[in-house]
file final_35.cif (mmCIF, C-alpha atoms)
data_structure
loop_
_atom_site.label_atom_id
_atom_site.label_comp_id
_atom_site.auth_asym_id
_atom_site.auth_seq_id
_atom_site.Cartn_x
_atom_site.Cartn_y
_atom_site.Cartn_z
CA MET A 1 229.68 -92.62 244.21
CA VAL A 2 226.61 -90.47 244.85
CA GLU A 3 224.14 -89.94 242.04
CA VAL A 4 222.63 -86.51 241.48
CA ILE A 5 218.98 -86.98 240.56
CA MET A 6 216.28 -84.65 239.31
CA PRO A 7 214.69 -83.71 242.66
CA LYS A 8 210.99 -83.38 243.41
CA MET A 9 210.57 -79.70 244.29
CA GLY A 10 206.81 -79.40 244.61
CA ASP A 11 203.61 -81.35 245.17
CA GLY A 12 202.69 -81.63 241.50
CA MET A 13 206.18 -81.71 239.99
CA GLU A 14 206.67 -84.65 237.60
CA GLU A 15 209.66 -83.38 235.61
CA GLY A 16 212.21 -80.60 235.67
CA THR A 17 214.31 -78.67 233.18
CA LEU A 18 217.98 -77.92 233.78
CA VAL A 19 218.50 -74.17 233.35
CA GLU A 20 222.26 -74.36 233.84
CA TRP A 21 225.07 -76.10 235.68
CA LEU A 22 226.78 -73.69 238.07
CA LYS A 23 229.68 -76.11 238.61
CA SER A 24 231.84 -77.71 235.91
CA GLU A 25 232.57 -81.40 235.51
CA GLY A 26 235.70 -82.29 237.46
CA GLU A 27 235.10 -79.52 240.00
CA LYS A 28 235.08 -80.23 243.75
CA VAL A 29 231.72 -79.76 245.49
CA LYS A 30 230.45 -80.03 249.06
CA THR A 31 227.17 -81.39 250.40
CA GLY A 32 224.46 -78.72 250.14
CA GLU A 33 226.46 -76.56 247.74
CA VAL A 34 224.45 -75.15 244.83
CA ILE A 35 225.60 -76.88 241.65
CA GLY A 36 222.88 -75.86 239.21
CA THR A 37 219.41 -74.41 238.71
CA ILE A 38 216.23 -76.31 237.87
CA GLN A 39 213.07 -74.88 236.34
CA THR A 40 209.77 -76.40 237.42
CA ASP A 41 206.28 -75.51 236.27
CA LYS A 42 206.21 -72.67 238.82
CA ALA A 43 209.70 -71.31 239.41
CA THR A 44 213.43 -71.66 238.96
CA LEU A 45 215.03 -73.27 242.00
CA GLU A 46 218.52 -74.17 243.17
CA LEU A 47 219.91 -77.69 242.77
CA GLU A 48 222.08 -78.72 245.73
CA ALA A 49 224.83 -81.33 245.81
CA PRO A 50 223.70 -84.52 247.63
CA GLY A 51 227.29 -85.32 248.66
CA SER A 52 230.91 -84.13 248.65
CA GLY A 53 233.54 -85.02 246.07
CA ILE A 54 234.16 -84.45 242.37
CA LEU A 55 231.20 -83.59 240.13
CA ALA A 56 231.31 -85.81 237.06
CA GLY A 57 229.35 -87.64 234.39
CA PHE A 58 226.82 -85.00 233.31
CA LEU A 59 223.87 -86.83 231.73
CA ILE A 60 221.90 -83.71 230.75
CA GLN A 61 222.74 -80.19 229.66
CA ALA A 62 221.00 -76.80 229.82
CA GLY A 63 217.53 -77.00 228.31
CA ASP A 64 217.06 -80.74 228.83
CA THR A 65 213.89 -81.89 230.60
CA VAL A 66 213.80 -85.19 232.51
CA PRO A 67 211.39 -86.91 234.94
CA VAL A 68 211.71 -86.54 238.71
CA GLY A 69 214.08 -89.17 240.17
CA GLN A 70 216.15 -89.67 237.01
CA PRO A 71 219.97 -89.47 237.46
CA ILE A 72 221.51 -86.38 235.86
CA ALA A 73 225.13 -86.55 237.12
CA THR A 74 227.29 -88.15 239.79
CA ILE A 75 229.68 -87.16 242.58
CA LEU A 76 232.85 -89.26 242.95
CA LYS A 77 234.82 -89.77 246.13
CA ALA A 78 238.58 -90.48 246.41
CA GLY A 79 239.58 -93.52 244.37
CA GLU A 80 236.23 -93.83 242.59
CA GLU A 81 235.70 -93.63 238.86
CA LEU A 82 232.71 -93.52 236.57
CA PRO A 83 231.21 -96.85 235.56
CA LYS A 84 231.99 -97.87 232.00
CA GLY A 85 229.67 -96.10 229.59
CA TYR A 86 228.30 -93.72 232.24
CA GLY A 87 227.42 -90.42 230.65
CA SER A 88 226.81 -91.88 227.21
CA GLY A 89 223.32 -90.40 227.33
CA SER A 90 224.65 -86.86 227.67
CA THR A 91 223.28 -84.40 225.15
CA SER A 92 226.54 -82.50 224.86
CA ASP A 93 229.85 -83.53 223.30
CA ALA A 94 231.55 -81.02 225.58
CA ALA A 95 230.46 -83.04 228.60
CA ALA A 96 232.43 -86.05 227.34
CA VAL A 97 235.51 -83.87 226.85
CA ASP A 98 235.24 -82.15 230.22
CA ALA A 99 234.86 -85.38 232.20
CA PRO A 100 235.87 -88.55 230.37
CA ALA A 101 234.98 -91.94 231.79
CA GLY A 102 237.60 -92.94 234.34
CA LEU A 103 237.94 -89.50 235.98
CA VAL A 104 239.05 -89.93 239.58
CA LEU A 105 239.51 -87.61 242.50
CA GLY A 106 242.38 -85.16 241.93
CA GLU A 107 242.61 -85.82 238.20
CA ALA A 108 242.41 -82.64 236.14
CA PRO A 109 239.63 -82.66 233.53
CA VAL A 110 240.39 -81.79 229.93
CA ALA A 111 238.87 -78.39 229.21
CA ALA A 112 236.65 -77.91 226.20
CA PRO A 113 237.90 -75.35 223.67
CA LYS A 114 236.60 -71.85 224.34
CA SER A 115 235.46 -69.16 221.97
CA THR A 116 237.63 -66.10 221.57
CA GLY A 117 234.65 -63.72 221.87
CA ASP A 118 234.70 -61.33 224.85
CA ASP A 119 231.28 -62.42 226.14
CA ASP A 120 232.24 -66.09 225.89
CA ARG A 121 235.27 -65.52 228.14
CA VAL A 122 233.05 -64.01 230.86
CA LYS A 123 231.56 -66.34 233.49
CA ALA A 124 227.84 -65.99 232.82
CA SER A 125 224.77 -68.19 232.70
CA PRO A 126 223.28 -69.06 229.28
CA LEU A 127 220.16 -67.02 230.10
CA ALA A 128 222.27 -64.00 231.09
CA LYS A 129 224.17 -64.22 227.79
CA LYS A 130 220.93 -64.51 225.84
CA ILE A 131 219.45 -61.38 227.45
CA ALA A 132 222.71 -59.49 226.97
CA ARG A 133 222.74 -60.33 223.25
CA GLU A 134 219.12 -59.25 222.85
CA HIS A 135 219.79 -55.85 224.45
CA GLY A 136 223.30 -55.26 223.08
CA ILE A 137 224.94 -55.33 226.51
CA ASN A 138 228.65 -56.12 226.78
CA LEU A 139 229.02 -58.67 229.58
CA THR A 140 232.53 -57.46 230.38
CA SER A 141 230.91 -54.36 231.89
CA VAL A 142 228.52 -56.33 234.14
CA VAL A 143 229.38 -57.22 237.74
CA GLY A 144 228.22 -60.76 238.59
CA SER A 145 226.39 -61.57 241.82
CA GLY A 146 226.30 -65.36 241.34
CA PRO A 147 228.65 -67.98 242.78
CA GLY A 148 232.29 -67.04 242.16
CA GLY A 149 231.28 -63.74 240.54
CA ARG A 150 229.24 -65.51 237.85
CA ILE A 151 226.89 -63.19 235.96
CA VAL A 152 223.27 -64.31 236.29
CA GLU A 153 219.96 -63.10 234.87
CA ARG A 154 219.26 -60.42 237.50
CA ASP A 155 222.64 -58.77 236.88
CA VAL A 156 221.92 -58.30 233.18
CA GLN A 157 218.33 -57.21 233.82
CA ALA A 158 219.66 -54.46 236.10
CA MET A 159 221.75 -53.17 233.19
CA VAL A 160 218.91 -53.21 230.67
CA GLY A 161 217.25 -50.08 232.05
CA LYS A 162 220.55 -48.22 232.27
CA ALA A 163 221.40 -49.14 228.69
CA VAL A 164 218.06 -47.71 227.55
CA GLU A 165 218.48 -44.49 229.55
CA ALA A 166 222.11 -43.80 228.58
CA PRO A 167 223.36 -45.78 225.57
CA ALA A 168 227.14 -45.78 225.19
CA THR A 169 227.00 -44.78 221.52
CA ALA A 170 224.35 -43.47 219.20
CA PRO A 171 222.69 -46.39 217.43
CA ALA A 172 223.35 -46.72 213.73
CA PRO A 173 220.37 -46.27 211.42
CA ALA A 174 218.51 -49.53 211.17
CA PRO A 175 218.66 -51.11 207.73
CA VAL A 176 215.39 -51.41 205.89
CA ALA A 177 214.38 -55.02 206.33
CA ALA A 178 212.94 -56.93 203.43
CA LYS A 179 209.31 -57.87 203.89
CA THR A 180 208.83 -61.49 204.76
CA THR A 181 205.87 -63.73 205.44
CA GLU A 182 207.93 -66.40 207.17
CA GLN A 183 206.45 -67.65 210.42
CA LYS A 184 208.55 -67.22 213.55
CA VAL A 185 208.48 -70.31 215.78
CA VAL A 186 209.19 -69.72 219.48
CA LYS A 187 209.90 -72.85 221.52
CA LEU A 188 207.99 -73.02 224.80
CA ASN A 189 210.09 -72.78 227.92
CA SER A 190 209.29 -75.17 230.77
CA LEU A 191 207.17 -72.67 232.71
CA ARG A 192 205.06 -71.75 229.68
CA ARG A 193 204.65 -75.39 228.65
CA ILE A 194 203.46 -76.53 232.08
CA THR A 195 201.20 -73.46 232.39
CA ALA A 196 199.60 -74.43 229.09
CA GLN A 197 199.04 -77.98 230.34
CA ARG A 198 197.62 -76.94 233.71
CA THR A 199 195.26 -74.24 232.38
CA THR A 200 193.99 -76.55 229.63
CA GLN A 201 193.40 -79.28 232.21
CA SER A 202 191.55 -76.88 234.50
CA LYS A 203 189.26 -75.56 231.77
CA GLN A 204 188.53 -79.08 230.50
CA GLN A 205 187.97 -80.77 233.86
CA VAL A 206 186.51 -78.02 236.04
CA PRO A 207 182.99 -76.69 235.31
CA HIS A 208 183.63 -72.96 235.76
CA PHE A 209 180.96 -70.36 236.39
CA TYR A 210 181.51 -66.66 236.93
CA VAL A 211 180.15 -63.91 239.17
CA THR A 212 181.07 -60.22 238.78
CA VAL A 213 180.44 -57.49 241.35
CA GLU A 214 181.31 -53.80 241.11
CA CYS A 215 182.99 -52.46 244.24
CA ASP A 216 183.16 -48.87 245.50
CA VAL A 217 186.81 -48.54 246.59
CA ASP A 218 186.80 -44.83 247.42
CA SER A 219 187.30 -45.58 251.13
CA ILE A 220 190.17 -47.98 250.40
CA LEU A 221 192.02 -45.35 248.38
CA ASN A 222 191.54 -42.79 251.15
CA LEU A 223 192.88 -45.23 253.74
CA LYS A 224 195.77 -46.15 251.45
CA ASP A 225 196.73 -42.47 251.12
CA LEU A 226 196.39 -42.04 254.89
CA PHE A 227 198.84 -44.88 255.56
CA GLY A 228 201.33 -43.24 253.18
CA ALA A 229 200.91 -39.77 254.75
CA GLU A 230 201.61 -41.17 258.21
CA GLY A 231 204.83 -42.76 257.01
CA SER A 232 203.47 -46.19 257.85
CA THR A 233 204.16 -49.40 255.98
CA ARG A 234 202.85 -49.01 252.43
CA ILE A 235 199.50 -50.72 252.01
CA SER A 236 198.23 -51.43 248.48
CA VAL A 237 194.73 -51.99 247.13
CA ASN A 238 195.74 -55.61 246.54
CA ASP A 239 196.52 -55.99 250.27
CA PHE A 240 192.96 -54.95 251.09
CA VAL A 241 191.67 -57.41 248.47
CA LEU A 242 193.70 -60.27 249.96
CA ARG A 243 192.50 -59.43 253.47
CA ALA A 244 188.86 -59.20 252.32
CA CYS A 245 189.10 -62.64 250.70
CA VAL A 246 190.66 -64.13 253.82
CA MET A 247 187.86 -62.73 256.00
CA ALA A 248 185.19 -63.97 253.59
CA LEU A 249 186.75 -67.46 253.42
CA LYS A 250 186.73 -67.68 257.22
CA GLN A 251 183.06 -66.74 257.11
CA MET A 252 182.25 -69.19 254.29
CA PRO A 253 184.49 -72.28 254.58
CA GLU A 254 182.42 -74.04 251.91
CA VAL A 255 184.30 -71.93 249.33
CA ASN A 256 187.68 -72.68 250.95
CA ALA A 257 187.42 -76.28 249.78
CA VAL A 258 188.73 -78.93 247.38
CA PHE A 259 186.81 -81.44 245.24
CA ASN A 260 188.00 -85.01 245.89
CA GLY A 261 185.82 -87.07 243.55
CA ASP A 262 183.36 -88.52 246.04
CA SER A 263 183.89 -85.91 248.76
CA ILE A 264 184.65 -82.24 249.38
CA ALA A 265 187.42 -81.29 251.81
CA GLN A 266 187.03 -77.94 253.57
CA SER A 267 190.32 -76.46 254.77
CA GLY A 268 190.64 -75.38 258.38
CA GLY A 269 192.92 -72.47 257.46
CA VAL A 270 193.41 -70.04 254.60
CA ASN A 271 196.48 -70.33 252.37
CA ILE A 272 195.97 -67.68 249.75
CA GLY A 273 197.76 -67.77 246.40
CA MET A 274 198.52 -64.61 244.44
CA ALA A 275 199.39 -64.62 240.75
CA VAL A 276 202.68 -62.86 239.97
CA ALA A 277 203.91 -62.11 236.44
CA VAL A 278 207.56 -63.09 235.97
CA MET A 279 209.88 -62.85 232.98
CA ASP A 280 209.08 -66.31 231.58
CA GLY A 281 205.38 -66.47 232.45
CA LEU A 282 203.22 -66.62 235.56
CA THR A 283 203.73 -68.08 239.01
CA VAL A 284 201.53 -68.29 242.12
CA PRO A 285 203.34 -67.92 245.46
CA VAL A 286 201.28 -68.87 248.51
CA ILE A 287 200.76 -66.89 251.72
CA ARG A 288 200.35 -69.67 254.26
CA ASP A 289 198.13 -69.27 257.35
CA ALA A 290 196.84 -65.94 256.04
CA HIS A 291 193.93 -66.20 258.48
CA THR A 292 196.36 -65.57 261.36
CA MET A 293 197.75 -62.33 259.88
CA THR A 294 196.77 -58.69 260.27
CA LEU A 295 196.47 -56.44 257.21
CA ARG A 296 200.00 -55.13 257.75
CA GLN A 297 201.45 -58.61 258.18
CA LEU A 298 199.63 -59.80 255.06
CA SER A 299 200.97 -56.81 253.11
CA THR A 300 204.55 -57.45 254.23
CA LYS A 301 204.37 -61.14 253.32
CA ALA A 302 202.79 -60.42 249.93
CA ARG A 303 205.59 -57.99 249.00
CA GLU A 304 208.24 -60.45 250.17
CA LEU A 305 206.85 -63.33 248.10
CA ALA A 306 206.29 -61.15 245.01
CA GLN A 307 209.94 -60.07 245.08
CA LYS A 308 211.15 -63.63 245.62
CA ALA A 309 209.04 -64.73 242.64
CA LYS A 310 210.68 -62.11 240.41
CA ASP A 311 214.11 -63.13 241.67
CA ASN A 312 213.37 -66.86 241.16
CA LYS A 313 213.99 -67.48 244.87
CA LEU A 314 210.71 -69.12 245.90
CA THR A 315 210.93 -72.42 247.76
CA PRO A 316 208.68 -75.41 246.95
CA ASP A 317 206.75 -74.79 250.19
CA GLU A 318 206.01 -71.23 249.03
CA LEU A 319 204.59 -72.55 245.75
CA SER A 320 202.14 -75.16 247.02
CA GLY A 321 199.17 -75.65 249.31
CA SER A 322 196.94 -72.73 248.28
CA THR A 323 193.22 -72.95 249.12
CA PHE A 324 192.12 -69.85 247.15
CA SER A 325 193.84 -67.55 244.66
CA VAL A 326 193.78 -63.90 243.57
CA SER A 327 194.86 -62.56 240.18
CA ASN A 328 195.14 -58.76 240.05
CA MET A 329 195.58 -56.87 236.77
CA GLY A 330 194.52 -53.54 238.24
CA MET A 331 197.85 -51.97 237.26
CA LEU A 332 197.27 -52.81 233.57
CA ASN A 333 194.22 -50.60 232.86
CA ILE A 334 191.76 -53.49 232.55
CA ASP A 335 187.97 -53.01 232.78
CA ASN A 336 187.16 -56.66 233.39
CA PHE A 337 188.61 -60.16 232.98
CA ILE A 338 188.00 -63.72 234.18
CA ALA A 339 190.66 -66.05 235.58
CA ILE A 340 191.14 -69.79 235.21
CA ILE A 341 190.88 -71.68 238.51
CA ASN A 342 194.23 -72.72 239.96
CA GLN A 343 193.61 -76.38 240.79
CA PRO A 344 192.96 -77.85 243.28
CA ASN A 345 191.34 -74.58 244.49
CA SER A 346 187.60 -74.25 243.99
CA ALA A 347 187.69 -70.50 243.28
CA ILE A 348 189.82 -67.58 242.09
CA LEU A 349 189.25 -63.82 242.08
CA ALA A 350 190.16 -61.61 239.09
CA VAL A 351 190.66 -57.95 240.07
CA SER A 352 190.39 -55.20 237.46
CA THR A 353 191.46 -51.53 237.44
CA ALA A 354 189.80 -49.03 239.77
CA LYS A 355 188.40 -46.11 237.75
CA LYS A 356 186.43 -42.97 238.45
CA LYS A 357 182.76 -43.32 237.53
CA VAL A 358 179.62 -41.26 237.92
CA VAL A 359 177.26 -43.18 240.20
CA VAL A 360 173.89 -42.54 241.77
CA GLY A 361 174.17 -42.02 245.53
CA GLU A 362 171.72 -43.02 248.25
CA ASP A 363 169.90 -39.68 247.94
CA ASP A 364 169.61 -40.10 244.15
CA GLU A 365 172.36 -37.55 243.67
CA PHE A 366 175.18 -38.03 241.17
CA GLU A 367 178.61 -38.66 242.67
CA VAL A 368 182.05 -39.40 241.25
CA ARG A 369 183.47 -42.49 242.94
CA TRP A 370 186.34 -44.91 242.42
CA MET A 371 184.80 -48.19 241.22
CA MET A 372 186.44 -51.57 240.59
CA ASN A 373 185.16 -54.79 239.00
CA ALA A 374 185.84 -58.07 240.80
CA THR A 375 185.07 -61.31 238.93
CA PHE A 376 185.01 -64.66 240.74
CA SER A 377 185.49 -67.99 238.98
CA PHE A 378 183.95 -70.93 240.88
CA ASP A 379 184.14 -74.71 240.53
CA HIS A 380 180.47 -75.74 240.23
CA ARG A 381 181.27 -79.18 241.66
CA VAL A 382 182.03 -77.47 244.97
CA VAL A 383 180.22 -74.12 244.89
CA ASP A 384 176.62 -73.57 243.76
CA GLY A 385 175.51 -70.35 242.10
CA ALA A 386 173.77 -68.87 245.13
CA VAL A 387 176.75 -69.70 247.37
CA GLY A 388 179.16 -68.06 244.93
CA ALA A 389 176.98 -64.95 244.68
CA ARG A 390 176.81 -64.67 248.48
CA PHE A 391 180.56 -65.04 248.79
CA ALA A 392 181.17 -62.34 246.13
CA ASN A 393 178.87 -59.95 247.98
CA ILE A 394 180.63 -60.60 251.31
CA VAL A 395 183.97 -59.73 249.71
CA ARG A 396 182.44 -56.58 248.23
CA GLU A 397 180.99 -55.61 251.62
CA TYR A 398 184.45 -55.85 253.21
CA LEU A 399 186.03 -53.82 250.41
CA GLN A 400 183.43 -51.08 250.71
CA ASN A 401 183.91 -50.96 254.50
CA PRO A 402 187.71 -51.38 254.75
CA THR A 403 188.00 -50.29 258.38
CA ARG A 404 186.68 -53.77 259.21
CA LEU A 405 189.85 -55.15 257.60
CA LEU A 406 192.26 -53.22 259.83
CA SER A 407 192.05 -55.52 262.86
#

call {"tool": "encode", "arguments": {"input": "final_35.cif", "output": "structure tokens"}}
result
Amino acid sequence: MVEVIMPKMGDGMEEGTLVEWLKSEGEKVKTGEVIGTIQTDKATLELEAPGSGILAGFLIQAGDTVPVGQPIATILKAGEELPKGYGSGSTSDAAAVDAPAGLVLGEAPVAAPKSTGDDDRVKASPLAKKIAREHGINLTSVVGSGPGGRIVERDVQAMVGKAVEAPATAPAPAPVAAKTTEQKVVKLNSLRRITAQRTTQSKQQVPHFYVTVECDVDSILNLKDLFGAEGSTRISVNDFVLRACVMALKQMPEVNAVFNGDSIAQSGGVNIGMAVAVMDGLTVPVIRDAHTMTLRQLSTKARELAQKAKDNKLTPDELSGSTFSVSNMGMLNIDNFIAIINQPNSAILAVSTAKKKVVVGEDDEFEVRWMMNATFSFDHRVVDGAVGARFANIVREYLQNPTRLLS
């Protein structure tokens, strides 16, 4: 018998939430086969079978959160059976029906009764069904891309836009709802709950201070358009920002550091984190060894990680080890904002929207230029005010002279 435990999928992971089982109790599995999905504080990741045999004795069900290292199921080999009472802690009666104690290899499990609804007969994850209900999508019309044709979240999300553009039938007039003052309570998902804990901890434990600089990004936008006109790899403003931060961190390693209580550890390389908004909250994939990359390489890696974050495909290694972070809300028409430091980093950059402004040129003439606010949050235990101001100005200097970032 091999126990399936809640795995540790990241440096700071202490517990995980089961999103769904992708295999049923009594089903044969092989070592390394994906049997479920686990949500951590940063992403949803695949749970692999630690052995081959019959999956049995589910101890948790979708939505349950347990500590790292706790058993959540077992895999039985030929001739083995569940220990007496194993599975009694399961949160679902269906689990006891699907795999009663005493199940052995080759024995057919008793199936739980199924609903007669069309959507219930379709193989789909609980999250996919939830989204389908919210948007009025019939799951029988969705093609699944998951294991065995199972419909998963991304399949339903792909149908949402189509349903909005071309609804199958004209919607009936909405009934006039009675006014109510009842409060709606929304339970926190795992990602939102851990985000709340981490941001609260950072604001309470880290003495933040903030520095804002206004950057002239006219040259960046011209270069960006030039790349597009040449048919080259698309380069975004955010790519230039990431590259500018990497160059500045190489120049000022005292900012690329971590506070360790009685010491400060300066990193020898730059692993830059970038905040990405996902369906259930916010995650921060990490571009490792960013100091070894050119602008184009950095751009390619950033796009790859952003897509993986939206598809819930990030690995634990891609979610840990950052030495500095960037949060960009430029696409959201924001004049200015400040970001909470992503511990254990000592700094984070908040990037606002570039907008046309009338500015006074060097010859005291009025010019219309594209300007963008960049606000840095620093950990005062690591970075002093003057050091933070110098770092912010170095980043601005790179952004206003972007040809220096092309090498």

call {"tool": "closest_residue", "arguments": {"input": "final_35.cif", "among": "A:Ala354, A:Gly51, A:Pro344, A:Val143", "to": "Asn260 in chain A", "atoms": "only C-alpha atoms"}}
result
A:Pro344

call {"tool": "closest_atom_pairs", "arguments": {"input": "final_35.cif", "of": "range 255-304 of chain A", "to": "range 35-50 of chain A", "cutoff": "12 Å", "atoms": "all atoms listed in the file", "output": "tab-separated table"}}
result
residue	atom	partner	partner_atom	distance
A:Ala275	CA	A:Lys42	CA	10.7
A:Val276	CA	A:Lys42	CA	10.5
A:Ala277	CA	A:Lys42	CA	11.1
A:Val278	CA	A:Ala43	CA	9.2
A:Met279	CA	A:Ala43	CA	10.6
A:Asp280	CA	A:Ala43	CA	9.3
A:Gly281	CA	A:Lys42	CA	8.9
A:Leu282	CA	A:Lys42	CA	7.5
A:Thr283	CA	A:Lys42	CA	5.2
A:Val284	CA	A:Lys42	CA	7.2
A:Pro285	CA	A:Lys42	CA	8.7
A:Val286	CA	A:Lys42	CA	11.5

call {"tool": "closest_residue", "arguments": {"input": "final_35.cif", "among": "A:Ile151, A:Ala244, A:Met274, A:Cys215", "to": "Ala309 in chain A", "atoms": "all atoms listed in the file"}}
result
A:Met274

call {"tool": "atom_distance", "arguments": {"input": "final_35.cif", "atom1": "CA of Ser352 in chain A", "atom2": "CA of His208 in chain A"}}
result
19.1 Å

call {"tool": "axis_aligned_box", "arguments": {"input": "final_35.cif", "around": "range 291-302 of chain A", "padding_each_side": "6 Å", "output": "AutoDock Vina command-line options"}}
result
--center_x 199.2 --center_y -60.7 --center_z 255.6 --size_x 22.6 --size_y 23.1 --size_z 23.4

call {"tool": "residues_around", "arguments": {"input": "final_35.cif", "residues": "range 15-24 of chain A", "least_positions_apart": "5", "cutoff": "9 Å", "atoms": "all atoms listed in the file", "output": "JSON, numbers by chain"}}
result
{"A": [6, 7, 8, 9, 29, 34, 35, 36, 37, 38, 39, 40, 41, 44, 47, 55, 56, 60, 61, 62, 63, 64, 65, 66, 67, 68, 69, 98, 125, 126, 127, 146, 147, 150, 189, 190]}

call {"tool": "atom_distance", "arguments": {"input": "final_35.cif", "atom1": "CA of His291 in chain A", "atom2": "CA of Ala392 in chain A"}}
result
18.2 Å

call {"tool": "closest_residue", "arguments": {"input": "final_35.cif", "among": "A:Ser236, A:Asn345, A:Thr199, A:Ser141", "to": "Val217 in chain A", "atoms": "all atoms listed in the file"}}
result
A:Ser236

call {"tool": "closest_atom_pairs", "arguments": {"input": "final_35.cif", "of": "range 334-356 of chain A", "to": "range 363-384 of chain A", "cutoff": "6 Å", "atoms": "all atoms listed in the file", "output": "tab-separated table"}}
result
residue	atom	partner	partner_atom	distance
A:Ser346	CA	A:Asp379	CA	4.9
A:Ala347	CA	A:Phe378	CA	4.5
A:Ile348	CA	A:Ser377	CA	5.3
A:Leu349	CA	A:Phe376	CA	4.5
A:Ala350	CA	A:Thr375	CA	5.1
A:Val351	CA	A:Ala374	CA	4.9
A:Ser352	CA	A:Asn373	CA	5.5
A:Thr353	CA	A:Met372	CA	5.9
A:Ala354	CA	A:Met372	CA	4.3
A:Lys355	CA	A:Trp370	CA	5.2
A:Lys356	CA	A:Trp370	CA	4.4

call {"tool": "resolve_selection", "arguments": {"input": "final_35.cif", "expression": "the PyMOL selection byres ((chain A and resi 406) around 10)", "output": "ChimeraX atom specification"}}
result
/A:240,243,294-296,402-405,407

call {"tool": "closest_residue", "arguments": {"input": "final_35.cif", "among": "A:Asn312, A:Gln343, A:Thr31, A:Ser267", "to": "Arg198 in chain A", "atoms": "all atoms listed in the file"}}
result
A:Gln343

call {"tool": "atom_distance", "arguments": {"input": "final_35.cif", "atom1": "CA of Glu214 in chain A", "atom2": "CA of Gly321 in chain A"}}
result
29.4 Å

call {"tool": "resolve_selection", "arguments": {"input": "final_35.cif", "expression": "the PyMOL selection byres ((chain A and resi 53) around 6)", "output": "number ranges by chain"}}
result
A: 28-29, 52, 54, 75-77

call {"tool": "closest_residue", "arguments": {"input": "final_35.cif", "among": "A:Ile5, A:Met13, A:Ile340, A:Val152", "to": "Tyr210 in chain A", "atoms": "all atoms listed in the file"}}
result
A:Ile340

call {"tool": "residues_around", "arguments": {"input": "final_35.cif", "residues": "Leu305 in chain A", "least_positions_apart": "5", "cutoff": "9 Å", "atoms": "only C-alpha atoms", "output": "list of chain:residue names"}}
result
A:Pro285, A:Val286, A:Ile287, A:Thr300, A:Lys310, A:Lys313, A:Leu314, A:Glu318
